[in-house]
Amino acid sequence: MPPALLTLNAGSSTVKYALFAHDGATELARGTLEETGAAAMARALEVTQQAGVTVVGVGHRVVHGGARFSAPARIDDEVLATLEGLVPLAPLHQPHNVAGIRAARAAFPGVVQVACFDTAFHRTRDFVEETYALPRRFFDEGVRRFGFHGLSYEFIAGRLREVAPSVANGRVVVAHLGNGASLCALVNGRSVATTMGFSTLDGVPMGTRSGSIDPGVLLYLLDQQGLPLKDLEALLYKEAGLKGLSGLSNDMRTLLASDAPAAREAVEYFVRRCARAVAELACAAGGLDALVFTAGMGERSAVVRARVVAQLRWLGLSLDDAANEANASCISAPTSKSQVLVVPTNEERCIAEAVAAHL
Ligand code: ADP
């Protein structure tokens with residue numbers, strides 16, 4: 001049977017997988033397993049057998065690589081222990097990632113396993129971008145703006161060299177607008193700034209996450225209202241964002257279809273914060289040669305793109321409406337000062353290529 005690479009993204013209740021040919025470039029299959037742990041890996045084995053391939057390398061999406069990992073890492077006992085040690089930094093995601101790695105090592109014994117981190121791509125930012133204005137010991141203890149969605153940004157940076165070589169080495173802001181959302185400033189294909197910070201809560205609002213919020217609000221809720229810590233966590237991760245503000249849904253399609261004032265305000269809050277983030281990151285990049293939209297809303301919602309760009313008209317940005325409606329790859333008007341592009345992301349491909357490089 002021909003050799004293949006398997007990518008795994010282990011969450012709390014499902015495992016997303018993709019199968020690639022040995023080169024890491026040709027996708028053979030992808031899907032979601034509605035199980036976790038050993039049961040998911042048994043299903044993954046079935047999938048590979050149905051596809052008629054032998055898995056020779058497994059790549060794992062791991063949310064947190066801490067300060068140590070700035071590139072994908074081949075997993076051995078020591079690396080796995082390090083990833084486990086990072087659980088306190090991402091308690092909602094990292095345990096599932098680690099459990100997925102353990103299960104995959106048991107199901108695919110002797111097969112090369114590689115961890116690919118959402119944080120690694122952002123390790124190129126300077127100290128000032130990575131720190132908070134706290135006493136410096138906090139930085140040394142790991143209280144940093146790590147940034148996330150790095151596999152998506154890395155994929156986009158590579159893809160720009162193919163689809164938009166004139167801007168790939170320039171100043172680009174990438175807006176990854178999915179259920180989770182963040183933006184990243186690239187200069188010469190490297191991350192120089194990003195909106196997410198210590199956790200995946202920071203930056204623009206998301207489906208159910210708050211985005212940036214005055215820490216004074218959290219102190220008030222904890223101290224004056226006596227909100228239990230677990231309730232605060234649930235509020236910020238699961239009950240805030242588009243869902244909380246609209247009182248209707250975390251799904252942008254539902255909100256755009258609704259006439260309810262709260263739904264309209266939630267959408268306006270989202271696009272306004274996204275537009276401001278573009279401007280902030282253009283400042284960090286020293287200019288803006290291109291704005292790139294990606295992920296669910298970025299790739300498929302002409303309305304969201306149009307409304308974000310409309311708030312950036314003062315920067316000289318404008319769209320070709322027909323191209324935008326068609327989800328074309330270049331959607332800016334010829335007179336726009338910066339190109340506006342739609343580039344579908346592919347985090348699995350980024351992982352598969354990392355595995356191929358380790359074989
Ligand atoms: P995840 O971060 O979970 O991978 P996605 O990248 O799939 O999420 O993005 C999901 C978001 O994209 C949801 O808010 C969904 O409503 C939105 N979305 C997907 N397609 C469209 C569309 N055609 N118009 C507006 N929003 C869309």
# chains A, B, ... in the order shown; residues from 1 in each chain; ligands from 1
call {"tool": "residues_near_ligand", "arguments": {"ligand": "ligand 1", "cutoff": "7 Å", "atoms": "only C-alpha atoms and all ligand atoms", "output": "NGL selection string"}}
result
:A and (177-181 or 207 or 250-254 or 295-297 or 300-301)
call {"tool": "select_by_dssp", "arguments": {"residues": "segment 189-230 of chain A", "states": "strand (DSSP E or B)", "output": "number ranges by chain"}}
result
A: 190-194
call {"tool": "atom_distance", "arguments": {"atom1": "atom CA of Arg161 of chain A", "atom2": "atom CA of Phe270 of chain A"}}
result
29.5 Å
call {"tool": "residues_around", "arguments": {"residues": "segment 45-49 of chain A", "least_positions_apart": "3", "cutoff": "9 Å", "atoms": "only C-alpha atoms", "output": "PDB file with C-alpha atoms, in the first residue's frame"}}
result
ATOM      1  CA  ALA A   4       0.595   8.483   3.330  1.00  0.00           C
ATOM      2  CA  LEU A   6      -2.175  11.682   8.517  1.00  0.00           C
ATOM      3  CA  LEU A  19      -4.855  12.196   4.687  1.00  0.00           C
ATOM      4  CA  ALA A  29      -9.272  12.593   2.132  1.00  0.00           C
ATOM      5  CA  ALA A  40     -11.015   7.945  17.301  1.00  0.00           C
ATOM      6  CA  MET A  41      -7.697   6.303  16.408  1.00  0.00           C
ATOM      7  CA  ALA A  42      -9.453   2.999  15.658  1.00  0.00           C
ATOM      8  CA  GLY A  52      -5.681   1.889   0.719  1.00  0.00           C
ATOM      9  CA  VAL A  53      -2.649   3.641   2.210  1.00  0.00           C
ATOM     10  CA  THR A  54      -0.087   3.007   4.939  1.00  0.00           C
ATOM     11  CA  VAL A  55       0.476   5.862   7.389  1.00  0.00           C
ATOM     12  CA  ALA A 107      -2.453   3.278  17.378  1.00  0.00           C
ATOM     13  CA  PHE A 108       0.454   3.939  14.986  1.00  0.00           C
TER      14      PHE A 108
END
call {"tool": "atom_distance", "arguments": {"atom1": "atom CA of Ala290 of chain A", "atom2": "atom CA of Val174 of chain A"}}
result
8.4 Å
call {"tool": "select_by_dssp", "arguments": {"residues": "segment 105-283 of chain A", "states": "helix (DSSP H, G or I)", "output": "ChimeraX atom specification"}}
result
/A:105-107,120-124,127-130,136-140,150-163,165-168,215-223,229-238,241-246,252-256,261-283
